[in-house]
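To start, the structure under review is shown below, and the notes come after it.
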Amino acid sequence: MAGEEHDDVGRLRACVRSRQPELERRLAEWVRVPGVLGVPEHSQDLLRSANWLAAEFREVGFPVVEVLPTGESHAVYAEWCNAAGAPTVLVYSHHDVREVKPENWAMTTPFEPVLREGRLYGRGSSDAKGQILAHLEGLRAHLQETGTPKINLKFLIEGEEEGGSPHLAKLLEDNTERFAADLVLFSDTLLWHARHPAVCVSLRGMLSVHLEVYGPGRDVHSGAVSGNAPNPAFELGRLLGLLHDQEGRVAVPGFYDDVDPLPANLRDALADLPFSEEDWLERSETGAITGEKGYTVLERLWLRPAVEVTSILAGDPLGVSRAAVPAVASADLSFRTVPGQRLEKIAEQLQEWVAATVGDAYGFSLVPDLETAQEPYVTPDHPAVAALEKAMARGFNAERAGRMGNAGGGPAELLGRSLAAPVLFFGTGLVEDHWHDSDESASLDVLMDGALTLACFWDELATMQREKGDDDGHLRQ
């Protein structure tokens with residue numbers, strides 16, 4: 001049953017909803033800027049994307065807006081800090097987008113947005129341009145009521161997230177005082193369900209690993225050596241098959257030694273979320289449910305570590321086959337980690353396991369990408385979490401908001417550690433939005449509910465500060 005709508009929330013909702021056509025227009029315009037990270041021909045598009053967003057911040061009224069060079073891309077920084085004695089929030093997100101395979105898109109071409117059945121299709125519509133514009137629309141609604149922000153706001157929208165944020169640490173180090181905040185709001189996450197709001201309170205870590213297995217000294221015609229030549233494709237397949245045991249657990253010795261016990265209160269919160277296998281399979285399009293035995297789907301998804309194979313390459317995957325035994329077979333692995341685990345230790349354990357497991361006829365190379373690895377993060381117990389829960393319930397017109405985690409990674413731990421501030425999460429993505437895949441889209445209804453949530457959240461934070469009677473602007477736990 002929907003929650004009772006207060007007059008002030010009703011006014012905010014009407015304001016937000018009245019601007020839906022404008023959000024649709026602006027999002028479509030931004031999606032047309034192909035700011036794809038890691039593709040040289042799109043380097044200028046990344047700068048165009050940053051400048052486009054900078055103009056949006058200026059249009060809203062931010063007195064300080066800058067475009068900051070960071071490695072291959074540019075970050076956008078905006079600041080509006082005129083609320084004396086009020087808390088300061090730094091909002092983090094990203095404007096770069098993932099590379100595309102246009103031939104796989106059916107609903108539209110990646111950078112020609114199309115609106116169908118309440119969804120705007122196009123690369124970046126949900127991850128994460130839509131999330132950023134939801135912030136701006138929420139702030140516009142807040143400003144209509146207040147004239148100026150009730151709290152101090154800083155936005156850091158980077159342009160290298162899809163590459164693991166390799167220059168974010170340096171950017172934070174060089175601007176520690178400038179980016180200082182009482183809390184960070186991380187907006188690059190998913191919601192559980194469009195009709196069942198839940199506050200994300202945890203983010204898994206991430207370690208990417210590239211594995212190569214070597215056989216012959218060069219690709220060799222199979223008709224000349226078939227039957228006695230070591231084929232690295234077979235050996236790589238065997239190794240990948242051995243990564244999991246019969247219980248669905250990662251079979252690398254010591255992998256779970258440091259995993260923290262699951263918090264009972266969070267397990268209870270996940271169990272309270274509406275879940276059915278039929279709904280999950282339909283929305284995720286995964287076909288079946290697999291994984292570690294002894295845990296629910298949501299516990300595996302958000303609270304337990306995992307490993308995935310994200311690519312495999314051997315022989316001649318494209319064009320005419322040469323009918324040769326390949327010299328090399330390779331795979332990219334993505335490890336998702338949880339509190340207690342250390343990324344360097346996992347890399348060492350994996351190296352030892354591959355060395356002990358690979359056949360004598362093969363060589364191998366294993367390269368963990370520790371430069372872009374990301375530690376897991378859990379939001380601490382903080383009064384702002386309750387404020388966000390209340391704001392989400394109002395924004396999505398629900399009785400209450402539940403709690404959830406996020407299956408992917410992100411630089412939340414880096415932000416919290418560098419700025420010495422708690423990190424909260426709020427995103428407007430859904431599993432059915434097809435992040436990183438073909439036909440990515442964003443639900444306009446969810447974006448508008450997200451915008452209303454944010455407008456309510458700024459009000460809640462300001463009210464909480466007044467009720468606590470703190471006059472120095474700091475949000476205390």
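Following the order of the structure tokens, first chain is A, next is B, and so on, with residues numbered from 1 inside each chain and ligands from 1 in the order they appear.
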
Just list the residues in region 203-368 of chain A DSSP gives alpha helix (DSSP H) on the backbone, as a short mmCIF file (atom, residue, chain, number, x, y, z; two decimals) with all heavy atoms, in the first residue's frame.
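Saved as result25.cif:
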data_model
loop_
_atom_site.label_atom_id
_atom_site.label_comp_id
_atom_site.auth_asym_id
_atom_site.auth_seq_id
_atom_site.Cartn_x
_atom_site.Cartn_y
_atom_site.Cartn_z
N SER A 222 46.32 -28.43 -37.24
CA SER A 222 45.89 -29.58 -36.44
C SER A 222 46.08 -30.89 -37.19
O SER A 222 46.28 -31.94 -36.57
CB SER A 222 44.42 -29.40 -36.04
OG SER A 222 43.58 -29.37 -37.18
N GLY A 223 46.03 -30.84 -38.51
CA GLY A 223 46.23 -32.07 -39.26
C GLY A 223 47.64 -32.61 -39.17
O GLY A 223 47.88 -33.79 -39.46
N ALA A 224 48.59 -31.74 -38.76
CA ALA A 224 49.98 -32.17 -38.64
C ALA A 224 50.33 -32.68 -37.25
O ALA A 224 51.22 -33.53 -37.10
CB ALA A 224 50.92 -31.03 -39.03
N VAL A 225 49.62 -32.17 -36.21
CA VAL A 225 50.04 -32.52 -34.84
C VAL A 225 48.89 -33.02 -33.97
O VAL A 225 49.10 -33.35 -32.80
CB VAL A 225 50.69 -31.30 -34.15
CG1 VAL A 225 51.94 -30.85 -34.91
CG2 VAL A 225 49.69 -30.15 -34.02
N PRO A 232 46.10 -25.46 -25.53
CA PRO A 232 45.83 -24.62 -24.35
C PRO A 232 44.36 -24.30 -24.16
O PRO A 232 43.94 -23.96 -23.05
CB PRO A 232 46.64 -23.36 -24.64
CG PRO A 232 46.78 -23.31 -26.12
CD PRO A 232 46.87 -24.74 -26.55
N ALA A 233 43.55 -24.43 -25.22
CA ALA A 233 42.11 -24.18 -25.05
C ALA A 233 41.49 -25.23 -24.13
O ALA A 233 40.65 -24.92 -23.28
CB ALA A 233 41.42 -24.19 -26.41
N PHE A 234 41.91 -26.49 -24.29
CA PHE A 234 41.43 -27.54 -23.40
C PHE A 234 41.88 -27.28 -21.96
O PHE A 234 41.11 -27.43 -21.00
CB PHE A 234 41.95 -28.91 -23.85
CG PHE A 234 41.23 -29.49 -25.03
CD1 PHE A 234 41.94 -29.93 -26.14
CD2 PHE A 234 39.86 -29.60 -25.04
CE1 PHE A 234 41.29 -30.47 -27.24
CE2 PHE A 234 39.19 -30.15 -26.13
CZ PHE A 234 39.90 -30.57 -27.24
N GLU A 235 43.14 -26.91 -21.81
CA GLU A 235 43.67 -26.72 -20.46
C GLU A 235 43.05 -25.52 -19.78
O GLU A 235 42.75 -25.55 -18.58
CB GLU A 235 45.19 -26.59 -20.50
CG GLU A 235 45.87 -26.54 -19.14
CD GLU A 235 45.68 -27.82 -18.33
OE1 GLU A 235 45.15 -28.82 -18.89
OE2 GLU A 235 46.05 -27.83 -17.14
N LEU A 236 42.83 -24.45 -20.54
CA LEU A 236 42.16 -23.29 -19.96
C LEU A 236 40.74 -23.66 -19.54
O LEU A 236 40.29 -23.29 -18.45
CB LEU A 236 42.11 -22.15 -20.98
CG LEU A 236 41.36 -20.89 -20.54
CD1 LEU A 236 42.01 -20.25 -19.32
CD2 LEU A 236 41.26 -19.89 -21.69
N GLY A 237 40.04 -24.42 -20.39
CA GLY A 237 38.69 -24.85 -20.03
C GLY A 237 38.69 -25.69 -18.77
O GLY A 237 37.80 -25.57 -17.93
N ARG A 238 39.70 -26.58 -18.64
CA ARG A 238 39.79 -27.42 -17.45
C ARG A 238 40.01 -26.55 -16.21
O ARG A 238 39.36 -26.76 -15.15
CB ARG A 238 40.92 -28.42 -17.60
CG ARG A 238 40.99 -29.47 -16.48
CD ARG A 238 42.14 -30.44 -16.70
NE ARG A 238 43.42 -29.82 -16.43
CZ ARG A 238 44.00 -29.77 -15.21
NH1 ARG A 238 43.38 -30.30 -14.17
NH2 ARG A 238 45.17 -29.20 -15.05
N LEU A 239 40.91 -25.59 -16.29
CA LEU A 239 41.17 -24.71 -15.15
C LEU A 239 39.92 -23.93 -14.75
O LEU A 239 39.59 -23.84 -13.56
CB LEU A 239 42.30 -23.73 -15.49
CG LEU A 239 43.72 -24.29 -15.55
CD1 LEU A 239 44.67 -23.24 -16.08
CD2 LEU A 239 44.17 -24.76 -14.17
N LEU A 240 39.23 -23.38 -15.73
CA LEU A 240 38.02 -22.61 -15.42
C LEU A 240 36.96 -23.50 -14.80
O LEU A 240 36.24 -23.07 -13.88
CB LEU A 240 37.50 -21.94 -16.68
CG LEU A 240 38.43 -20.91 -17.33
CD1 LEU A 240 37.78 -20.33 -18.59
CD2 LEU A 240 38.79 -19.80 -16.36
N GLY A 241 36.86 -24.74 -15.27
CA GLY A 241 35.89 -25.66 -14.70
C GLY A 241 36.21 -26.02 -13.26
O GLY A 241 35.30 -26.33 -12.48
N ALA A 264 23.52 -10.47 10.74
CA ALA A 264 22.18 -11.04 10.87
C ALA A 264 21.10 -10.04 10.48
O ALA A 264 20.10 -10.39 9.83
CB ALA A 264 21.96 -11.53 12.29
N ASN A 265 21.29 -8.77 10.85
CA ASN A 265 20.25 -7.77 10.55
C ASN A 265 20.12 -7.53 9.05
O ASN A 265 19.02 -7.32 8.53
CB ASN A 265 20.53 -6.46 11.28
CG ASN A 265 21.86 -5.83 10.90
OD1 ASN A 265 22.78 -6.51 10.43
ND2 ASN A 265 21.99 -4.53 11.12
N LEU A 266 21.25 -7.61 8.33
CA LEU A 266 21.18 -7.41 6.89
C LEU A 266 20.59 -8.63 6.19
O LEU A 266 19.83 -8.50 5.22
CB LEU A 266 22.56 -7.09 6.33
CG LEU A 266 22.61 -6.60 4.87
CD1 LEU A 266 21.61 -5.49 4.63
CD2 LEU A 266 24.01 -6.14 4.51
N ARG A 267 20.90 -9.83 6.70
CA ARG A 267 20.28 -11.03 6.14
C ARG A 267 18.76 -10.96 6.31
O ARG A 267 18.00 -11.31 5.40
CB ARG A 267 20.83 -12.29 6.82
CG ARG A 267 22.28 -12.57 6.56
CD ARG A 267 22.70 -13.92 7.08
NE ARG A 267 22.37 -14.98 6.13
CZ ARG A 267 22.78 -16.24 6.24
NH1 ARG A 267 23.52 -16.61 7.28
NH2 ARG A 267 22.46 -17.14 5.34
N ASP A 268 18.33 -10.49 7.47
CA ASP A 268 16.89 -10.35 7.72
C ASP A 268 16.27 -9.32 6.77
O ASP A 268 15.16 -9.52 6.26
CB ASP A 268 16.63 -9.94 9.16
CG ASP A 268 16.96 -11.04 10.16
OD1 ASP A 268 17.07 -12.21 9.74
OD2 ASP A 268 17.14 -10.73 11.35
N ALA A 269 17.02 -8.23 6.53
CA ALA A 269 16.50 -7.19 5.64
C ALA A 269 16.36 -7.71 4.21
O ALA A 269 15.36 -7.42 3.54
CB ALA A 269 17.43 -5.97 5.67
N LEU A 270 17.33 -8.50 3.77
CA LEU A 270 17.24 -9.06 2.42
C LEU A 270 16.09 -10.05 2.32
O LEU A 270 15.39 -10.11 1.30
CB LEU A 270 18.55 -9.75 2.03
CG LEU A 270 19.82 -8.90 2.02
CD1 LEU A 270 20.95 -9.65 1.33
CD2 LEU A 270 19.59 -7.55 1.37
N ALA A 271 15.90 -10.83 3.36
CA ALA A 271 14.80 -11.80 3.36
C ALA A 271 13.44 -11.11 3.32
O ALA A 271 12.44 -11.70 2.88
CB ALA A 271 14.90 -12.70 4.59
N GLU A 277 11.62 -16.41 -7.75
CA GLU A 277 12.53 -16.85 -8.80
C GLU A 277 12.00 -16.47 -10.17
O GLU A 277 12.77 -16.08 -11.06
CB GLU A 277 12.76 -18.37 -8.70
CG GLU A 277 13.56 -18.78 -7.48
CD GLU A 277 13.97 -20.24 -7.54
OE1 GLU A 277 13.66 -20.91 -8.56
OE2 GLU A 277 14.61 -20.71 -6.59
N GLU A 278 10.69 -16.59 -10.35
CA GLU A 278 10.11 -16.28 -11.65
C GLU A 278 10.35 -14.82 -12.03
O GLU A 278 10.75 -14.50 -13.16
CB GLU A 278 8.60 -16.57 -11.63
CG GLU A 278 7.90 -16.29 -12.95
CD GLU A 278 6.41 -16.56 -12.87
OE1 GLU A 278 5.89 -16.77 -11.75
OE2 GLU A 278 5.77 -16.56 -13.93
N ASP A 279 10.12 -13.91 -11.07
CA ASP A 279 10.32 -12.49 -11.33
C ASP A 279 11.80 -12.20 -11.61
O ASP A 279 12.13 -11.46 -12.54
CB ASP A 279 9.84 -11.66 -10.12
CG ASP A 279 10.23 -10.21 -10.24
OD1 ASP A 279 9.63 -9.50 -11.08
OD2 ASP A 279 11.15 -9.76 -9.50
N TRP A 280 12.69 -12.79 -10.80
CA TRP A 280 14.12 -12.54 -10.98
C TRP A 280 14.60 -13.03 -12.34
O TRP A 280 15.32 -12.32 -13.04
CB TRP A 280 14.91 -13.20 -9.85
CG TRP A 280 16.39 -13.22 -10.11
CD1 TRP A 280 17.18 -14.28 -10.39
CD2 TRP A 280 17.26 -12.08 -10.13
NE1 TRP A 280 18.48 -13.90 -10.58
CE2 TRP A 280 18.56 -12.55 -10.43
CE3 TRP A 280 17.08 -10.71 -9.94
CZ2 TRP A 280 19.67 -11.70 -10.52
CZ3 TRP A 280 18.18 -9.86 -10.03
CH2 TRP A 280 19.45 -10.36 -10.32
N LEU A 281 14.19 -14.22 -12.74
CA LEU A 281 14.63 -14.77 -14.01
C LEU A 281 14.09 -13.97 -15.19
O LEU A 281 14.78 -13.78 -16.19
CB LEU A 281 14.22 -16.24 -14.13
CG LEU A 281 14.93 -17.20 -13.18
CD1 LEU A 281 14.35 -18.60 -13.31
CD2 LEU A 281 16.43 -17.23 -13.46
N GLU A 282 12.88 -13.46 -15.05
CA GLU A 282 12.31 -12.65 -16.12
C GLU A 282 13.05 -11.32 -16.25
O GLU A 282 13.38 -10.88 -17.36
CB GLU A 282 10.83 -12.39 -15.86
CG GLU A 282 10.16 -11.53 -16.93
CD GLU A 282 8.69 -11.25 -16.65
OE1 GLU A 282 8.16 -11.80 -15.66
OE2 GLU A 282 8.09 -10.49 -17.42
N ARG A 283 13.34 -10.68 -15.11
CA ARG A 283 13.96 -9.36 -15.17
C ARG A 283 15.44 -9.43 -15.49
O ARG A 283 16.00 -8.57 -16.17
CB ARG A 283 13.74 -8.62 -13.84
CG ARG A 283 12.29 -8.26 -13.58
CD ARG A 283 12.13 -7.22 -12.49
NE ARG A 283 12.60 -7.67 -11.19
CZ ARG A 283 13.52 -7.04 -10.47
NH1 ARG A 283 14.11 -5.96 -10.93
NH2 ARG A 283 13.86 -7.50 -9.29
N SER A 284 16.13 -10.45 -14.99
CA SER A 284 17.57 -10.57 -15.22
C SER A 284 17.90 -11.28 -16.53
O SER A 284 19.03 -11.18 -17.02
CB SER A 284 18.24 -11.32 -14.06
OG SER A 284 17.83 -12.69 -14.03
N VAL A 297 19.43 -16.28 -3.09
CA VAL A 297 19.87 -15.59 -4.29
C VAL A 297 20.39 -14.20 -3.96
O VAL A 297 21.45 -13.77 -4.44
CB VAL A 297 18.72 -15.50 -5.31
CG1 VAL A 297 19.09 -14.58 -6.47
CG2 VAL A 297 18.35 -16.88 -5.83
N LEU A 298 19.66 -13.46 -3.10
CA LEU A 298 20.07 -12.10 -2.79
C LEU A 298 21.33 -12.09 -1.92
O LEU A 298 22.15 -11.16 -2.04
CB LEU A 298 18.93 -11.36 -2.10
CG LEU A 298 17.66 -11.21 -2.93
CD1 LEU A 298 16.64 -10.33 -2.23
CD2 LEU A 298 17.97 -10.66 -4.32
N GLU A 299 21.50 -13.06 -1.06
CA GLU A 299 22.74 -13.14 -0.28
C GLU A 299 23.93 -13.43 -1.19
O GLU A 299 25.01 -12.84 -1.02
CB GLU A 299 22.61 -14.22 0.80
CG GLU A 299 21.67 -13.82 1.94
CD GLU A 299 21.35 -14.98 2.86
OE1 GLU A 299 21.74 -16.14 2.54
OE2 GLU A 299 20.71 -14.75 3.91
N ARG A 300 23.76 -14.34 -2.14
CA ARG A 300 24.84 -14.60 -3.10
C ARG A 300 25.16 -13.36 -3.91
O ARG A 300 26.30 -13.08 -4.24
CB ARG A 300 24.45 -15.73 -4.06
CG ARG A 300 24.23 -17.08 -3.43
CD ARG A 300 23.71 -18.04 -4.50
NE ARG A 300 22.97 -19.14 -3.91
CZ ARG A 300 22.17 -19.94 -4.58
NH1 ARG A 300 22.00 -19.75 -5.88
NH2 ARG A 300 21.54 -20.93 -3.98
N LEU A 301 24.12 -12.63 -4.26
CA LEU A 301 24.25 -11.48 -5.14
C LEU A 301 24.96 -10.31 -4.47
O LEU A 301 25.76 -9.61 -5.11
CB LEU A 301 22.85 -11.04 -5.60
CG LEU A 301 22.74 -9.98 -6.69
CD1 LEU A 301 23.33 -10.48 -7.99
CD2 LEU A 301 21.27 -9.59 -6.87
N TRP A 302 24.70 -10.09 -3.19
CA TRP A 302 25.17 -8.87 -2.54
C TRP A 302 26.13 -9.09 -1.38
O TRP A 302 26.90 -8.19 -1.05
CB TRP A 302 23.96 -8.08 -2.03
CG TRP A 302 23.03 -7.63 -3.11
CD1 TRP A 302 23.37 -7.26 -4.38
CD2 TRP A 302 21.61 -7.48 -3.01
NE1 TRP A 302 22.26 -6.90 -5.09
CE2 TRP A 302 21.15 -7.02 -4.28
CE3 TRP A 302 20.68 -7.67 -2.00
CZ2 TRP A 302 19.81 -6.75 -4.54
CZ3 TRP A 302 19.34 -7.42 -2.25
CH2 TRP A 302 18.91 -6.97 -3.51
N LEU A 343 42.47 -7.86 -1.50
CA LEU A 343 42.65 -8.12 -2.92
C LEU A 343 44.03 -8.67 -3.24
O LEU A 343 44.18 -9.57 -4.07
CB LEU A 343 42.40 -6.83 -3.71
CG LEU A 343 40.99 -6.24 -3.57
CD1 LEU A 343 40.88 -4.92 -4.27
CD2 LEU A 343 39.95 -7.22 -4.11
N GLU A 344 45.07 -8.15 -2.58
CA GLU A 344 46.42 -8.65 -2.83
C GLU A 344 46.55 -10.11 -2.44
O GLU A 344 47.20 -10.90 -3.15
CB GLU A 344 47.45 -7.82 -2.06
CG GLU A 344 47.57 -6.37 -2.51
CD GLU A 344 46.56 -5.47 -1.82
OE1 GLU A 344 45.66 -6.01 -1.11
OE2 GLU A 344 46.64 -4.25 -2.01
N LYS A 345 45.92 -10.49 -1.36
CA LYS A 345 45.98 -11.88 -0.91
C LYS A 345 45.24 -12.79 -1.88
O LYS A 345 45.72 -13.91 -2.17
CB LYS A 345 45.39 -12.01 0.49
CG LYS A 345 45.53 -13.40 1.09
CD LYS A 345 45.05 -13.44 2.53
CE LYS A 345 45.20 -14.84 3.13
NZ LYS A 345 44.74 -14.87 4.55
N ILE A 346 44.11 -12.35 -2.39
CA ILE A 346 43.38 -13.16 -3.36
C ILE A 346 44.22 -13.37 -4.62
O ILE A 346 44.27 -14.46 -5.18
CB ILE A 346 42.03 -12.50 -3.70
CG1 ILE A 346 41.09 -12.60 -2.50
CG2 ILE A 346 41.39 -13.13 -4.93
CD1 ILE A 346 39.81 -11.84 -2.66
N ALA A 347 44.91 -12.31 -5.06
CA ALA A 347 45.77 -12.43 -6.23
C ALA A 347 46.87 -13.46 -5.99
O ALA A 347 47.20 -14.27 -6.86
CB ALA A 347 46.37 -11.07 -6.58
N GLU A 348 47.45 -13.45 -4.80
CA GLU A 348 48.50 -14.42 -4.46
C GLU A 348 47.94 -15.83 -4.41
O GLU A 348 48.57 -16.78 -4.90
CB GLU A 348 49.12 -14.05 -3.11
CG GLU A 348 49.92 -12.75 -3.13
CD GLU A 348 50.32 -12.32 -1.73
OE1 GLU A 348 49.99 -13.05 -0.76
OE2 GLU A 348 50.96 -11.25 -1.59
N GLN A 349 46.78 -16.00 -3.80
CA GLN A 349 46.16 -17.33 -3.71
C GLN A 349 45.86 -17.88 -5.10
O GLN A 349 46.08 -19.08 -5.36
CB GLN A 349 44.87 -17.24 -2.88
CG GLN A 349 45.08 -16.96 -1.41
CD GLN A 349 43.78 -16.63 -0.69
OE1 GLN A 349 42.80 -16.23 -1.31
NE2 GLN A 349 43.77 -16.81 0.62
N LEU A 350 45.37 -17.04 -5.98
CA LEU A 350 45.05 -17.48 -7.33
C LEU A 350 46.31 -17.88 -8.08
O LEU A 350 46.33 -18.89 -8.80
CB LEU A 350 44.30 -16.38 -8.07
CG LEU A 350 43.79 -16.74 -9.47
CD1 LEU A 350 42.78 -17.87 -9.41
CD2 LEU A 350 43.18 -15.51 -10.14
N GLN A 351 47.37 -17.10 -7.93
CA GLN A 351 48.63 -17.42 -8.59
C GLN A 351 49.14 -18.79 -8.14
O GLN A 351 49.55 -19.62 -8.96
CB GLN A 351 49.67 -16.33 -8.25
CG GLN A 351 51.03 -16.53 -8.87
CD GLN A 351 51.10 -16.06 -10.32
OE1 GLN A 351 50.32 -15.22 -10.73
NE2 GLN A 351 52.03 -16.60 -11.08
N GLU A 352 49.10 -19.05 -6.85
CA GLU A 352 49.55 -20.33 -6.32
C GLU A 352 48.68 -21.48 -6.81
O GLU A 352 49.18 -22.57 -7.14
CB GLU A 352 49.56 -20.28 -4.78
CG GLU A 352 50.59 -19.31 -4.22
CD GLU A 352 50.44 -19.12 -2.71
OE1 GLU A 352 49.49 -19.73 -2.13
OE2 GLU A 352 51.23 -18.36 -2.12
N TRP A 353 47.37 -21.24 -6.88
CA TRP A 353 46.45 -22.31 -7.30
C TRP A 353 46.67 -22.66 -8.77
O TRP A 353 46.73 -23.84 -9.13
CB TRP A 353 45.00 -21.85 -7.09
CG TRP A 353 43.99 -22.86 -7.55
CD1 TRP A 353 43.59 -23.99 -6.90
CD2 TRP A 353 43.25 -22.82 -8.78
NE1 TRP A 353 42.64 -24.65 -7.64
CE2 TRP A 353 42.41 -23.96 -8.80
CE3 TRP A 353 43.20 -21.93 -9.84
CZ2 TRP A 353 41.55 -24.22 -9.86
CZ3 TRP A 353 42.34 -22.20 -10.91
CH2 TRP A 353 41.53 -23.33 -10.90
N VAL A 354 46.80 -21.66 -9.64
CA VAL A 354 47.03 -21.94 -11.06
C VAL A 354 48.35 -22.67 -11.25
O VAL A 354 48.43 -23.65 -12.00
CB VAL A 354 46.99 -20.65 -11.89
CG1 VAL A 354 47.39 -20.93 -13.34
CG2 VAL A 354 45.60 -20.03 -11.85
N ALA A 355 49.40 -22.23 -10.55
CA ALA A 355 50.71 -22.87 -10.68
C ALA A 355 50.66 -24.33 -10.26
O ALA A 355 51.32 -25.19 -10.86
CB ALA A 355 51.74 -22.11 -9.85
N ALA A 356 49.86 -24.62 -9.23
CA ALA A 356 49.79 -26.00 -8.73
C ALA A 356 48.82 -26.86 -9.54
O ALA A 356 48.90 -28.10 -9.49
CB ALA A 356 49.34 -25.98 -7.27
N THR A 357 47.94 -26.24 -10.32
CA THR A 357 46.86 -26.97 -10.99
C THR A 357 47.10 -27.15 -12.49
O THR A 357 46.68 -28.15 -13.07
CB THR A 357 45.52 -26.24 -10.77
OG1 THR A 357 45.33 -26.00 -9.38
CG2 THR A 357 44.36 -27.05 -11.29
#

message = Among region 116-244 of chain A, which residues does DSSP mark as strand (DSSP E) when it is run on the backbone? Keep the chain and numbering as in the structure and answer as a VMD selection string.
response = chain A and resid 116 119 to 121 152 to 158 183 to 186 198 to 203 205 to 214 220 to 221

request  = Find the residues near region 68-74 of chain A: any atom within 10 Å, counting only C-alpha atoms, skip ones fewer than 3 places away on the same chain, and give them as a ChimeraX atom specification.
outcome  = /A:35-40,42-51,65,77,95-96,156-160,163,165-168,170-171

query = Which polymer residues have any atom within 9 Å of an atom of region 446-461 of chain A, counting only C-alpha atoms, with same-chain residues fewer than 3 positions away left out, as a PyMOL selection string?
reply = chain A and resi 9+12-13+15-17+19-20+23+86-87+126+130-131+133-143+149-151+194-195+384+387-397+426-429+442-443+464-466+475

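Proximity to Pro317 (chain A) was assessed for A:Ala329, A:Ala54, A:Ala412, A:Val89 counting only C-alpha atoms; the smallest distance is recorded for A:Ala329.
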
Residue with smallest distance to Arg98 (chain A) - pool A:Val76, A:His434, A:Ala84, A:Ala198, counting only C-alpha atoms = A:His434

message = One number please: CA of Pro339 (chain A) to CA of Leu424 (chain A), in Å, one decimal.
response = 16.4 Å

request  = With a distance cut-off of 7 Å and only C-alpha atoms, select the neighbouring residues of Ala327 (chain A), excluding the residue or stretch itself and same-chain residues fewer than 2 positions from it, and output the selection as number ranges by chain.
outcome  = A: 214-219, 232, 325

Selected residues, N, CA, C and O atoms, written as a PDB file, in the first residue's frame, please.
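Once everything was written out, this is selection-v9.pdb:
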ATOM      1  N   TYR A 214      49.629 -21.332 -22.242  1.00  0.00           N
ATOM      2  CA  TYR A 214      50.448 -21.516 -23.447  1.00  0.00           C
ATOM      3  C   TYR A 214      50.643 -22.990 -23.761  1.00  0.00           C
ATOM      4  O   TYR A 214      50.894 -23.796 -22.870  1.00  0.00           O
ATOM      5  N   GLY A 215      50.512 -23.321 -25.061  1.00  0.00           N
ATOM      6  CA  GLY A 215      50.750 -24.685 -25.541  1.00  0.00           C
ATOM      7  C   GLY A 215      51.915 -24.717 -26.511  1.00  0.00           C
ATOM      8  O   GLY A 215      53.070 -24.500 -26.108  1.00  0.00           O
ATOM      9  N   PRO A 216      51.673 -24.952 -27.805  1.00  0.00           N
ATOM     10  CA  PRO A 216      52.763 -24.972 -28.792  1.00  0.00           C
ATOM     11  C   PRO A 216      53.459 -23.611 -28.889  1.00  0.00           C
ATOM     12  O   PRO A 216      52.920 -22.579 -28.449  1.00  0.00           O
ATOM     13  N   GLY A 217      54.629 -23.612 -29.489  1.00  0.00           N
ATOM     14  CA  GLY A 217      55.359 -22.367 -29.639  1.00  0.00           C
ATOM     15  C   GLY A 217      54.729 -21.422 -30.637  1.00  0.00           C
ATOM     16  O   GLY A 217      55.033 -20.226 -30.648  1.00  0.00           O
ATOM     17  N   ARG A 218      53.859 -21.933 -31.500  1.00  0.00           N
ATOM     18  CA  ARG A 218      53.109 -21.131 -32.458  1.00  0.00           C
ATOM     19  C   ARG A 218      51.850 -21.899 -32.817  1.00  0.00           C
ATOM     20  O   ARG A 218      51.716 -23.070 -32.475  1.00  0.00           O
ATOM     21  N   ASP A 219      50.894 -21.227 -33.457  1.00  0.00           N
ATOM     22  CA  ASP A 219      49.715 -21.945 -33.943  1.00  0.00           C
ATOM     23  C   ASP A 219      50.178 -23.010 -34.952  1.00  0.00           C
ATOM     24  O   ASP A 219      50.956 -22.712 -35.866  1.00  0.00           O
ATOM     25  N   PRO A 232      46.103 -25.462 -25.529  1.00  0.00           N
ATOM     26  CA  PRO A 232      45.829 -24.622 -24.351  1.00  0.00           C
ATOM     27  C   PRO A 232      44.359 -24.301 -24.159  1.00  0.00           C
ATOM     28  O   PRO A 232      43.937 -23.960 -23.050  1.00  0.00           O
ATOM     29  N   VAL A 325      45.882 -25.791 -34.033  1.00  0.00           N
ATOM     30  CA  VAL A 325      45.947 -25.843 -32.570  1.00  0.00           C
ATOM     31  C   VAL A 325      46.521 -24.503 -32.113  1.00  0.00           C
ATOM     32  O   VAL A 325      47.634 -24.137 -32.517  1.00  0.00           O
TER      33      VAL A 325
END
